[in-house]
Structures are given as C-alpha cells and as structure tokens.
$ cat upload-v7.cif   # mmCIF, C-alpha atoms and all ligand atoms
data_my_file
#
loop_
_atom_site.group_PDB
_atom_site.id
_atom_site.type_symbol
_atom_site.label_atom_id
_atom_site.label_comp_id
_atom_site.auth_asym_id
_atom_site.auth_seq_id
_atom_site.Cartn_x
_atom_site.Cartn_y
_atom_site.Cartn_z
ATOM 1 C CA MET A 1 116.865 110.557 -211.617
ATOM 2 C CA PRO A 2 118.652 113.268 -213.677
ATOM 3 C CA SER A 3 122.437 113.142 -213.867
ATOM 4 C CA ILE A 4 125.219 115.697 -213.477
ATOM 5 C CA ASP A 5 128.292 115.792 -215.694
ATOM 6 C CA VAL A 6 131.155 118.267 -216.022
ATOM 7 C CA CYS A 7 132.863 119.285 -219.258
ATOM 8 C CA PHE A 8 136.226 120.841 -218.348
ATOM 9 C CA SER A 9 136.693 122.793 -221.574
ATOM 10 C CA PRO A 10 134.580 123.894 -224.561
ATOM 11 C CA GLU A 11 137.102 121.966 -226.683
ATOM 12 C CA LEU A 12 135.750 118.751 -225.142
ATOM 13 C CA LEU A 13 132.129 119.559 -225.954
ATOM 14 C CA HIS A 14 132.174 117.358 -229.056
ATOM 15 C CA LEU A 15 132.340 114.390 -226.656
ATOM 16 C CA TYR A 16 129.062 115.360 -224.979
ATOM 17 C CA ASN A 17 125.502 115.132 -226.200
ATOM 18 C CA LEU A 18 123.786 118.351 -225.116
ATOM 19 C CA LYS A 19 120.423 117.634 -226.719
ATOM 20 C CA GLY A 20 117.576 117.678 -224.212
ATOM 21 C CA LYS A 21 119.955 118.648 -221.394
ATOM 22 C CA ALA A 22 120.514 121.733 -219.249
ATOM 23 C CA VAL A 23 123.918 123.365 -219.612
ATOM 24 C CA VAL A 24 125.320 125.547 -216.881
ATOM 25 C CA ALA A 25 127.925 127.722 -218.583
ATOM 26 C CA VAL A 26 130.559 128.945 -216.167
ATOM 27 C CA ASP A 27 133.502 131.295 -216.361
ATOM 28 C CA ILE A 28 134.084 132.342 -212.771
ATOM 29 C CA LEU A 29 136.982 134.684 -213.681
ATOM 30 C CA ARG A 30 135.222 136.576 -214.945
ATOM 31 C CA ALA A 31 132.697 136.414 -217.784
ATOM 32 C CA THR A 32 129.751 134.665 -216.158
ATOM 33 C CA SER A 33 130.316 136.433 -212.824
ATOM 34 C CA THR A 34 130.264 139.717 -214.729
ATOM 35 C CA MET A 35 127.075 138.790 -216.599
ATOM 36 C CA VAL A 36 125.296 137.858 -213.382
ATOM 37 C CA THR A 37 126.389 141.190 -211.921
ATOM 38 C CA ALA A 38 125.170 143.089 -214.988
ATOM 39 C CA PHE A 39 121.710 141.517 -214.704
ATOM 40 C CA ALA A 40 121.619 142.224 -210.983
ATOM 41 C CA HIS A 41 122.315 145.863 -211.793
ATOM 42 C CA GLY A 42 119.506 146.193 -214.317
ATOM 43 C CA ALA A 43 120.724 144.976 -217.711
ATOM 44 C CA ALA A 44 117.744 143.928 -219.868
ATOM 45 C CA ASP A 45 119.592 141.332 -221.903
ATOM 46 C CA ILE A 46 123.094 140.246 -222.868
ATOM 47 C CA ILE A 47 124.261 139.079 -226.279
ATOM 48 C CA PRO A 48 127.402 136.935 -225.950
ATOM 49 C CA VAL A 49 129.406 136.745 -229.171
ATOM 50 C CA MET A 50 132.706 135.150 -230.116
ATOM 51 C CA GLU A 51 134.404 137.828 -232.203
ATOM 52 C CA LEU A 52 135.413 141.437 -231.551
ATOM 53 C CA ASN A 53 134.029 142.782 -234.856
ATOM 54 C CA GLU A 54 130.708 141.020 -234.313
ATOM 55 C CA CYS A 55 130.470 142.633 -230.890
ATOM 56 C CA GLN A 56 131.445 146.071 -232.197
ATOM 57 C CA ALA A 57 128.673 145.904 -234.810
ATOM 58 C CA TYR A 58 126.037 145.885 -232.060
ATOM 59 C CA ALA A 59 126.987 149.470 -231.102
ATOM 60 C CA SER A 60 125.110 150.757 -234.166
ATOM 61 C CA GLN A 61 121.953 149.053 -232.834
ATOM 62 C CA GLY A 62 122.097 151.060 -229.609
ATOM 63 C CA CYS A 63 123.709 148.296 -227.525
ATOM 64 C CA LEU A 64 126.437 148.819 -224.995
ATOM 65 C CA THR A 65 129.502 146.799 -225.933
ATOM 66 C CA ALA A 66 131.991 144.928 -223.772
ATOM 67 C CA ALA A 67 135.146 143.153 -224.857
ATOM 68 C CA GLU A 68 138.083 141.454 -223.184
ATOM 69 C CA ARG A 69 141.160 139.801 -224.620
ATOM 70 C CA GLU A 70 144.035 138.456 -222.498
ATOM 71 C CA GLY A 71 142.306 139.869 -219.429
ATOM 72 C CA ILE A 72 142.412 143.424 -220.779
ATOM 73 C CA LYS A 73 139.611 145.666 -222.085
ATOM 74 C CA ALA A 74 139.739 145.724 -225.872
ATOM 75 C CA GLU A 75 140.044 149.163 -227.394
ATOM 76 C CA GLY A 76 136.918 150.880 -228.717
ATOM 77 C CA PHE A 77 134.359 149.168 -226.456
ATOM 78 C CA ASP A 78 132.289 150.614 -223.622
ATOM 79 C CA PHE A 79 133.413 148.050 -221.061
ATOM 80 C CA GLY A 80 135.984 145.369 -220.488
ATOM 81 C CA ASN A 81 135.085 142.349 -218.388
ATOM 82 C CA SER A 82 135.033 143.684 -214.850
ATOM 83 C CA PRO A 83 131.847 143.200 -212.821
ATOM 84 C CA PHE A 84 132.507 146.601 -211.274
ATOM 85 C CA SER A 85 131.906 148.348 -214.644
ATOM 86 C CA TYR A 86 128.224 147.543 -214.282
ATOM 87 C CA MET A 87 128.023 149.144 -210.865
ATOM 88 C CA GLU A 88 129.709 152.349 -211.952
ATOM 89 C CA THR A 89 127.490 153.060 -214.997
ATOM 90 C CA ASP A 90 123.692 153.085 -215.186
ATOM 91 C CA ILE A 91 122.836 150.095 -217.387
ATOM 92 C CA THR A 92 119.160 149.868 -216.467
ATOM 93 C CA GLY A 93 117.146 148.414 -219.347
ATOM 94 C CA ARG A 94 120.161 148.260 -221.658
ATOM 95 C CA THR A 95 121.265 145.470 -223.972
ATOM 96 C CA ILE A 96 124.937 144.559 -223.670
ATOM 97 C CA ALA A 97 126.835 142.769 -226.429
ATOM 98 C CA ILE A 98 129.908 141.073 -224.989
ATOM 99 C CA THR A 99 132.854 139.048 -226.204
ATOM 100 C CA THR A 100 135.492 137.495 -223.931
ATOM 101 C CA THR A 101 138.364 135.091 -224.485
ATOM 102 C CA ASN A 102 136.663 131.962 -223.160
ATOM 103 C CA GLY A 103 133.334 132.643 -221.449
ATOM 104 C CA THR A 104 131.259 133.811 -224.382
ATOM 105 C CA ARG A 105 132.707 130.957 -226.422
ATOM 106 C CA ALA A 106 131.552 128.381 -223.856
ATOM 107 C CA ILE A 107 128.028 129.814 -224.020
ATOM 108 C CA ARG A 108 127.792 129.936 -227.792
ATOM 109 C CA MET A 109 129.224 126.434 -228.180
ATOM 110 C CA SER A 110 126.459 125.099 -225.920
ATOM 111 C CA GLU A 111 123.566 126.265 -228.085
ATOM 112 C CA GLU A 112 122.387 122.711 -228.815
ATOM 113 C CA ALA A 113 121.271 122.264 -225.215
ATOM 114 C CA ALA A 114 117.593 122.395 -224.250
ATOM 115 C CA GLU A 115 118.462 125.131 -221.764
ATOM 116 C CA ILE A 116 121.550 127.209 -221.002
ATOM 117 C CA VAL A 117 121.831 128.978 -217.676
ATOM 118 C CA ILE A 118 124.647 131.191 -216.558
ATOM 119 C CA GLY A 119 126.373 130.076 -213.391
ATOM 120 C CA ALA A 120 128.712 131.807 -210.981
ATOM 121 C CA PHE A 121 129.437 131.585 -207.279
ATOM 122 C CA LEU A 122 127.544 134.885 -207.109
ATOM 123 C CA ASN A 123 124.256 133.157 -208.043
ATOM 124 C CA LEU A 124 124.975 129.556 -206.990
ATOM 125 C CA ASP A 125 121.771 129.003 -205.002
ATOM 126 C CA ALA A 126 119.582 130.443 -207.763
ATOM 127 C CA VAL A 127 121.157 128.052 -210.288
ATOM 128 C CA ALA A 128 120.778 125.016 -207.995
ATOM 129 C CA LYS A 129 117.144 125.870 -207.253
ATOM 130 C CA HIS A 130 116.344 126.268 -210.938
ATOM 131 C CA LEU A 131 117.989 122.957 -211.910
ATOM 132 C CA THR A 132 116.153 121.159 -209.146
ATOM 133 C CA GLU A 133 112.861 122.430 -210.532
ATOM 134 C CA LEU A 134 113.843 121.724 -214.134
ATOM 135 C CA GLN A 135 114.817 118.058 -213.517
ATOM 136 C CA LEU A 136 116.839 117.715 -216.729
ATOM 137 C CA ASP A 137 120.252 116.048 -216.985
ATOM 138 C CA VAL A 138 122.843 118.739 -216.252
ATOM 139 C CA ILE A 139 126.170 119.404 -217.961
ATOM 140 C CA ILE A 140 128.350 122.039 -216.338
ATOM 141 C CA VAL A 141 130.436 123.551 -219.128
ATOM 142 C CA CYS A 142 133.628 125.128 -217.818
ATOM 143 C CA ALA A 143 135.043 127.910 -219.989
ATOM 144 C CA GLY A 144 138.626 127.082 -218.976
ATOM 145 C CA TRP A 145 141.414 129.087 -220.567
ATOM 146 C CA LYS A 146 142.028 128.784 -224.314
ATOM 147 C CA GLY A 147 140.877 125.186 -224.352
ATOM 148 C CA MET A 148 142.718 124.208 -221.182
ATOM 149 C CA PHE A 149 141.401 123.102 -217.788
ATOM 150 C CA ASN A 150 141.078 125.709 -215.072
ATOM 151 C CA LEU A 151 140.640 125.378 -211.359
ATOM 152 C CA GLU A 152 138.104 128.126 -210.617
ATOM 153 C CA ASP A 153 135.414 126.824 -212.982
ATOM 154 C CA THR A 154 136.031 123.300 -211.691
ATOM 155 C CA LEU A 155 135.504 124.457 -208.104
ATOM 156 C CA PHE A 156 132.209 125.988 -209.122
ATOM 157 C CA ALA A 157 131.230 122.679 -210.758
ATOM 158 C CA GLY A 158 132.045 120.969 -207.455
ATOM 159 C CA ALA A 159 130.030 123.474 -205.436
ATOM 160 C CA LEU A 160 127.001 123.111 -207.689
ATOM 161 C CA THR A 161 127.302 119.310 -207.700
ATOM 162 C CA GLU A 162 127.446 119.287 -203.899
ATOM 163 C CA GLN A 163 124.237 121.300 -203.703
ATOM 164 C CA LEU A 164 122.403 119.203 -206.266
ATOM 165 C CA LEU A 165 123.431 115.938 -204.610
ATOM 166 C CA ASP A 166 122.424 117.290 -201.197
ATOM 167 C CA LEU A 167 118.989 117.899 -202.617
ATOM 168 C CA ALA A 168 119.059 114.160 -203.387
ATOM 169 C CA GLN A 169 117.403 114.531 -206.752
ATOM 170 C CA PHE A 170 120.474 114.029 -208.927
ATOM 171 C CA SER A 171 122.980 111.281 -209.558
ATOM 172 C CA SER A 172 126.595 111.665 -210.604
ATOM 173 C CA ALA A 173 128.514 108.671 -211.793
ATOM 174 C CA ASN A 174 131.453 110.019 -213.746
ATOM 175 C CA ASP A 175 134.998 110.947 -212.864
ATOM 176 C CA ALA A 176 134.804 114.577 -214.018
ATOM 177 C CA THR A 177 131.990 115.340 -211.585
ATOM 178 C CA LEU A 178 133.683 113.378 -208.788
ATOM 179 C CA ALA A 179 136.956 115.239 -209.356
ATOM 180 C CA ALA A 180 135.198 118.615 -209.233
ATOM 181 C CA LEU A 181 133.362 117.634 -206.072
ATOM 182 C CA HIS A 182 136.527 116.397 -204.331
ATOM 183 C CA LEU A 183 138.395 119.563 -205.240
ATOM 184 C CA TYR A 184 135.613 121.763 -203.923
ATOM 185 C CA LYS A 185 135.511 119.806 -200.651
ATOM 186 C CA LYS A 186 139.308 120.120 -200.426
ATOM 187 C CA ALA A 187 139.006 123.896 -200.799
ATOM 188 C CA ASN A 188 136.892 123.700 -197.653
ATOM 189 C CA SER A 189 134.931 126.895 -198.288
ATOM 190 C CA ASP A 190 138.119 128.952 -198.711
ATOM 191 C CA VAL A 191 138.047 129.137 -202.477
ATOM 192 C CA LEU A 192 140.155 132.309 -202.526
ATOM 193 C CA SER A 193 143.142 130.686 -200.742
ATOM 194 C CA PHE A 194 142.754 127.456 -202.714
ATOM 195 C CA LEU A 195 143.042 129.389 -205.967
ATOM 196 C CA ASN A 196 146.014 131.451 -204.904
ATOM 197 C CA ASP A 197 148.541 129.729 -207.194
ATOM 198 C CA SER A 198 146.116 129.074 -210.064
ATOM 199 C CA SER A 199 146.987 130.388 -213.522
ATOM 200 C CA HIS A 200 144.248 132.936 -214.047
ATOM 201 C CA VAL A 201 144.447 134.302 -210.522
ATOM 202 C CA GLN A 202 148.184 134.810 -211.073
ATOM 203 C CA ARG A 203 147.489 136.375 -214.477
ATOM 204 C CA MET A 204 144.899 138.745 -213.022
ATOM 205 C CA LYS A 205 147.209 139.682 -210.150
ATOM 206 C CA ARG A 206 149.906 140.587 -212.676
ATOM 207 C CA LEU A 207 147.305 142.819 -214.346
ATOM 208 C CA GLY A 208 146.462 144.413 -210.978
ATOM 209 C CA ILE A 209 142.858 143.207 -210.831
ATOM 210 C CA GLN A 210 142.856 141.549 -207.416
ATOM 211 C CA LYS A 211 139.585 143.306 -206.487
ATOM 212 C CA ASP A 212 137.671 141.388 -209.197
ATOM 213 C CA ILE A 213 139.005 138.032 -208.001
ATOM 214 C CA GLU A 214 137.703 138.538 -204.476
ATOM 215 C CA PHE A 215 134.376 139.813 -205.756
ATOM 216 C CA CYS A 216 133.772 136.916 -208.174
ATOM 217 C CA LEU A 217 134.502 134.268 -205.533
ATOM 218 C CA GLN A 218 131.755 135.413 -203.167
ATOM 219 C CA HIS A 219 128.826 133.019 -202.838
ATOM 220 C CA ASN A 220 125.188 134.013 -203.343
ATOM 221 C CA VAL A 221 125.410 137.765 -203.603
ATOM 222 C CA TYR A 222 122.680 137.876 -206.250
ATOM 223 C CA ASP A 223 119.400 136.059 -206.756
ATOM 224 C CA VAL A 224 119.446 136.275 -210.559
ATOM 225 C CA LEU A 225 119.328 133.568 -213.186
ATOM 226 C CA PRO A 226 120.397 134.519 -216.707
ATOM 227 C CA VAL A 227 118.899 132.069 -219.212
ATOM 228 C CA TRP A 228 119.503 131.719 -222.955
ATOM 229 C CA LYS A 229 116.415 132.574 -225.023
ATOM 230 C CA LYS A 230 116.700 132.300 -228.796
ATOM 231 C CA ASP A 231 119.740 134.491 -229.450
ATOM 232 C CA ARG A 232 120.587 136.099 -226.128
ATOM 233 C CA LEU A 233 120.609 135.880 -222.367
ATOM 234 C CA VAL A 234 117.634 137.315 -220.546
HETATM 235 O O1 LIG A 301 138.154 134.227 -220.620
HETATM 236 C C1 LIG A 301 137.195 134.938 -220.414
HETATM 237 O O2 LIG A 301 136.133 134.796 -220.985
HETATM 238 C C2 LIG A 301 137.365 136.058 -219.429
HETATM 239 O O3 LIG A 301 136.477 135.899 -218.389
HETATM 240 C C3 LIG A 301 138.784 136.214 -219.009
HETATM 241 S S1 LIG A 301 139.076 137.592 -217.989
HETATM 242 O O4 LIG A 301 138.760 137.263 -216.616
HETATM 243 O O5 LIG A 301 138.310 138.722 -218.411
HETATM 244 O O6 LIG A 301 140.488 137.868 -218.080
#

$ encode --input "upload-v7.cif" --output "structure tokens"
Amino acid sequence: MPSIDVCFSPELLHLYNLKGKAVVAVDILRATSTMVTAFAHGAADIIPVMELNECQAYASQGCLTAAEREGIKAEGFDFGNSPFSYMETDITGRTIAITTTNGTRAIRMSEEAAEIVIGAFLNLDAVAKHLTELQLDVIIVCAGWKGMFNLEDTLFAGALTEQLLDLAQFSSANDATLAALHLYKKANSDVLSFLNDSSHVQRMKRLGIQKDIEFCLQHNVYDVLPVWKKDRLV
C-alpha cells in the first residue's frame, strides 16, 4: 500500500528520498493556486524558475513573465502572483515563466521525484484522483515561507491526506502527516477562519490582497492537474 508523507519546508527536503515517488508541490498562498488558475484559463505551459533574471530572460522567447517577491509584483514583469491576473488577460495557449519567493523553489527542488503534480485547494479532487490512480508513495512538499513552516500549506496536506485515506488505498504512519491531518480536521471545513491569524494571511492583508486569500482557499473550483514534464509544467 503506498504511503503519504509531508515535508513542511523545502529546506527539509534533504531528509526525504524523492526517487520513485510522487511529489505534490503546494503553495496555497499563492503560487500553486495561481498556477492552477492559469491552466484553467488556458495557459499552455508554465516554467517555474527560482531567480528573477532567469524569469526575465524568457520574455525574449515570447513567454509571458510573472514574478513576486515579498508578496509584491516585481518590476518589469507582465504579472505578479495573483490568480486574478490570469482571468483579466487572455493567456490562451501562452507559456508563462514564473518566479515566486517560495512556491517555484519548492517545485524546482523536487525535480528528483518520479512525478511532480501541482496541488491547491482549487484542484484538490483532481490531485487526489490522480494519486489514487498512480499508486506511488506520495510526499506533499509544502512551500512554507522562506524555509519556515506555514499553516495554509499544512492544511492542504491534511485535506489531501484525508481524501487519500478515505479512499483506503494509502497508509500514513508518520507524525508530519498526522499533524497535518489533525490540523485540517480542527479547521472543520472553515479554513479561512482557521487561518485568520496566520503569518501570510496577515502579511497579505497588510498588502491589501484579501480577495486573493478568499479565492485561493476555495475547494475544487477547477478540474485541472498541472504535471511536471521535463522542464516545465503542462
Ligand atoms: O511564496 C510564494 O511563492 C508566493 O506564493 C508568495 S505570495 O503569495 O505571492 O506573496
């Protein structure tokens, strides 16, 4: 029976063996929620990169570029990291190169895995269904914040664990997964209230981006499943 494990920060990835496993990369606020939204609105592929200059270089190849640092759109890029950007502009068939503080880092640091899928509350069911079919050991890699634990990615890990265990085809026998599951159950379906005092929600509120928080915490808005293929998400 395949297992589920949770890595609370990319900085802890050196403790995990990703080979032959499926990674679910998650950055609920907001990188992976934004990527799922971009695919749902017609993006052809997404190239996550770690550095601003690397991302900027893709503009000369006809890509749209997106960059966020400290929650704010970096200067000189087409988009920041709001899911709403991809509803306001026609991105049909376009390639988007993106760099964010933590989310794109979590993805790129997981490249050793047999499979990387992009998870968000927005596509939770699609991720669970795919993992059930795949039947590989799963590691949910939380993007966190600058190497630190965060609550929103952990809640997602709990939600996904709950679904996978309900399907009775997975086992989880480690404290990280149990902690995520307990926290999600404690949130009792009201993830928005549960996260009210959390660091990144507070940070985003200070930046006046409350709308994005509410949007990213919705469950199953999109039936899309971004998957890493060679050098990009498709
Ligand atoms: O850290 C990240 O990758 C971003 O998602 C952070 S923010 O939500 O854009 O501020």

$ atom_distance --input "upload-v7.cif" --atom1 "CA of Phe170 (chain A)" --atom2 "CA of Val24 (chain A)"
14.8 Å

$ atom_distance --input "upload-v7.cif" --atom1 "CA of Asp153 (chain A)" --atom2 "CA of Lys185 (chain A)"
14.2 Å

$ residues_near_ligand --input "upload-v7.cif" --ligand "ligand LIG 301 (chain A)" --cutoff "9 Å" --atoms "all atoms listed in the file" --output "number ranges by chain"
A: 27-34, 67-73, 80-82, 99-106, 143-146, 200-201, 203-204, 212-213

$ closest_residue --input "upload-v7.cif" --among "A:Val141, A:Ile91, A:Ala113, A:Val49" --to "Glu11 (chain A)" --atoms "all atoms listed in the file"
A:Val141

$ closest_residue --input "upload-v7.cif" --among "A:Val36, A:Ala126, A:Ala25, A:Met109" --to "Phe84 (chain A)" --atoms "all atoms listed in the file"
A:Val36

$ residues_near_point --input "upload-v7.cif" --point "(135.1, 120.7, -215.2)" --cutoff "9 Å" --atoms "only C-alpha atoms" --output "mmCIF file with C-alpha atoms, in the frame of the given file"
data_model
loop_
_atom_site.group_PDB
_atom_site.id
_atom_site.type_symbol
_atom_site.label_atom_id
_atom_site.label_comp_id
_atom_site.auth_asym_id
_atom_site.auth_seq_id
_atom_site.Cartn_x
_atom_site.Cartn_y
_atom_site.Cartn_z
ATOM 1 C CA ASP A 5 128.292 115.792 -215.694
ATOM 2 C CA VAL A 6 131.155 118.267 -216.022
ATOM 3 C CA CYS A 7 132.863 119.285 -219.258
ATOM 4 C CA PHE A 8 136.226 120.841 -218.348
ATOM 5 C CA SER A 9 136.693 122.793 -221.574
ATOM 6 C CA ILE A 140 128.350 122.039 -216.338
ATOM 7 C CA VAL A 141 130.436 123.551 -219.128
ATOM 8 C CA CYS A 142 133.628 125.128 -217.818
ATOM 9 C CA ALA A 143 135.043 127.910 -219.989
ATOM 10 C CA GLY A 144 138.626 127.082 -218.976
ATOM 11 C CA PHE A 149 141.401 123.102 -217.788
ATOM 12 C CA ASN A 150 141.078 125.709 -215.072
ATOM 13 C CA LEU A 151 140.640 125.378 -211.359
ATOM 14 C CA ASP A 153 135.414 126.824 -212.982
ATOM 15 C CA THR A 154 136.031 123.300 -211.691
ATOM 16 C CA LEU A 155 135.504 124.457 -208.104
ATOM 17 C CA PHE A 156 132.209 125.988 -209.122
ATOM 18 C CA ALA A 157 131.230 122.679 -210.758
ATOM 19 C CA GLY A 158 132.045 120.969 -207.455
ATOM 20 C CA ALA A 176 134.804 114.577 -214.018
ATOM 21 C CA THR A 177 131.990 115.340 -211.585
ATOM 22 C CA ALA A 179 136.956 115.239 -209.356
ATOM 23 C CA ALA A 180 135.198 118.615 -209.233
#

$ atom_distance --input "upload-v7.cif" --atom1 "CA of Thr37 (chain A)" --atom2 "CA of Trp228 (chain A)"
16.1 Å

$ resolve_selection --input "upload-v7.cif" --expression "the PyMOL selection byres (((chain A and resi 90) around 12) and not hetatm)" --output "list in words"
Ala38, Phe39, Ala40, His41, Gly42, Ala43, Ala44, Leu64, Phe84, Ser85, Tyr86, Met87, Glu88, Thr89, Ile91, Thr92, Gly93, Arg94 and Thr95 of chain A

$ write_last_selection --input "upload-v7.cif" --atoms "C-alpha atoms" --output "PDB file, in the coordinates of the input"
ATOM      1  CA  ALA A  38     125.170 143.089-214.988  1.00  0.00           C
ATOM      2  CA  PHE A  39     121.710 141.517-214.704  1.00  0.00           C
ATOM      3  CA  ALA A  40     121.619 142.224-210.983  1.00  0.00           C
ATOM      4  CA  HIS A  41     122.315 145.863-211.793  1.00  0.00           C
ATOM      5  CA  GLY A  42     119.506 146.193-214.317  1.00  0.00           C
ATOM      6  CA  ALA A  43     120.724 144.976-217.711  1.00  0.00           C
ATOM      7  CA  ALA A  44     117.744 143.928-219.868  1.00  0.00           C
ATOM      8  CA  LEU A  64     126.437 148.819-224.995  1.00  0.00           C
ATOM      9  CA  PHE A  84     132.507 146.601-211.274  1.00  0.00           C
ATOM     10  CA  SER A  85     131.906 148.348-214.644  1.00  0.00           C
ATOM     11  CA  TYR A  86     128.224 147.543-214.282  1.00  0.00           C
ATOM     12  CA  MET A  87     128.023 149.144-210.865  1.00  0.00           C
ATOM     13  CA  GLU A  88     129.709 152.349-211.952  1.00  0.00           C
ATOM     14  CA  THR A  89     127.490 153.060-214.997  1.00  0.00           C
ATOM     15  CA  ILE A  91     122.836 150.095-217.387  1.00  0.00           C
ATOM     16  CA  THR A  92     119.160 149.868-216.467  1.00  0.00           C
ATOM     17  CA  GLY A  93     117.146 148.414-219.347  1.00  0.00           C
ATOM     18  CA  ARG A  94     120.161 148.260-221.658  1.00  0.00           C
ATOM     19  CA  THR A  95     121.265 145.470-223.972  1.00  0.00           C
TER      20      THR A  95
END

$ closest_residue --input "upload-v7.cif" --among "A:Val26, A:Ala97, A:Ile139, A:Leu18" --to "Glu51 (chain A)" --atoms "all atoms listed in the file"
A:Ala97

$ residues_around --input "upload-v7.cif" --residues "region 221-227 of chain A" --least-positions-apart "4" --cutoff "6 Å" --atoms "all atoms listed in the file" --output "ChimeraX atom specification"
/A:116-118,122-123,126,233-234

$ closest_residue --input "upload-v7.cif" --among "A:Gln169, A:Ser110, A:Gln61, A:Ser193" --to "Val23 (chain A)" --atoms "only C-alpha atoms"
A:Ser110

$ resolve_selection --input "upload-v7.cif" --expression "the PyMOL selection byres (((chain A and resi 19) around 7) and not hetatm)" --output "list in words"
Asn17, Leu18, Gly20, Lys21, Glu112, Ala113 and Ala114 of chain A

$ write_last_selection --input "upload-v7.cif" --atoms "C-alpha atoms" --output "PDB file, keeping the file's coordinate frame"
ATOM      1  CA  ASN A  17     125.502 115.132-226.200  1.00  0.00           C
ATOM      2  CA  LEU A  18     123.786 118.351-225.116  1.00  0.00           C
ATOM      3  CA  GLY A  20     117.576 117.678-224.212  1.00  0.00           C
ATOM      4  CA  LYS A  21     119.955 118.648-221.394  1.00  0.00           C
ATOM      5  CA  GLU A 112     122.387 122.711-228.815  1.00  0.00           C
ATOM      6  CA  ALA A 113     121.271 122.264-225.215  1.00  0.00           C
ATOM      7  CA  ALA A 114     117.593 122.395-224.250  1.00  0.00           C
TER       8      ALA A 114
END

$ residues_around --input "upload-v7.cif" --residues "Cys55 (chain A)" --least-positions-apart "2" --cutoff "9 Å" --atoms "all atoms listed in the file" --output "number ranges by chain"
A: 47-53, 57-59, 65-67, 77, 97-99

$ decode --input "upload-v7.cif" --residues "region 164-194 of chain A" --atoms "C-alpha atoms" --output "PDB file, in the first residue's frame"
ATOM      1  CA  LEU A 164      -6.414   9.639   0.189  1.00  0.00           C
ATOM      2  CA  LEU A 165      -7.016   7.755   3.437  1.00  0.00           C
ATOM      3  CA  ASP A 166     -10.773   7.796   2.826  1.00  0.00           C
ATOM      4  CA  LEU A 167     -10.106   6.088  -0.465  1.00  0.00           C
ATOM      5  CA  ALA A 168      -8.423   3.425   1.691  1.00  0.00           C
ATOM      6  CA  GLN A 169      -5.560   2.890  -0.700  1.00  0.00           C
ATOM      7  CA  PHE A 170      -2.876   4.744   1.241  1.00  0.00           C
ATOM      8  CA  SER A 171      -1.192   4.423   4.601  1.00  0.00           C
ATOM      9  CA  SER A 172       0.277   7.199   6.709  1.00  0.00           C
ATOM     10  CA  ALA A 173       2.464   6.354   9.635  1.00  0.00           C
ATOM     11  CA  ASN A 174       4.451   9.475  10.393  1.00  0.00           C
ATOM     12  CA  ASP A 175       3.931  12.444  12.658  1.00  0.00           C
ATOM     13  CA  ALA A 176       4.093  15.109   9.934  1.00  0.00           C
ATOM     14  CA  THR A 177       1.137  13.596   8.091  1.00  0.00           C
ATOM     15  CA  LEU A 178      -0.778  13.024  11.338  1.00  0.00           C
ATOM     16  CA  ALA A 179      -0.190  16.629  12.414  1.00  0.00           C
ATOM     17  CA  ALA A 180      -1.430  17.957   9.067  1.00  0.00           C
ATOM     18  CA  LEU A 181      -4.490  15.737   9.228  1.00  0.00           C
ATOM     19  CA  HIS A 182      -5.349  16.772  12.801  1.00  0.00           C
ATOM     20  CA  LEU A 183      -4.981  20.442  11.944  1.00  0.00           C
ATOM     21  CA  TYR A 184      -7.226  20.113   8.916  1.00  0.00           C
ATOM     22  CA  LYS A 185      -9.877  18.311  10.982  1.00  0.00           C
ATOM     23  CA  LYS A 186      -9.577  21.048  13.626  1.00  0.00           C
ATOM     24  CA  ALA A 187     -10.215  23.682  10.954  1.00  0.00           C
ATOM     25  CA  ASN A 188     -13.502  21.863  10.420  1.00  0.00           C
ATOM     26  CA  SER A 189     -14.003  22.986   6.822  1.00  0.00           C
ATOM     27  CA  ASP A 190     -13.615  26.668   7.754  1.00  0.00           C
ATOM     28  CA  VAL A 191     -10.076  27.081   6.523  1.00  0.00           C
ATOM     29  CA  LEU A 192     -10.494  30.840   6.078  1.00  0.00           C
ATOM     30  CA  SER A 193     -11.324  31.467   9.774  1.00  0.00           C
ATOM     31  CA  PHE A 194      -8.691  28.980  10.940  1.00  0.00           C
TER      32      PHE A 194
END
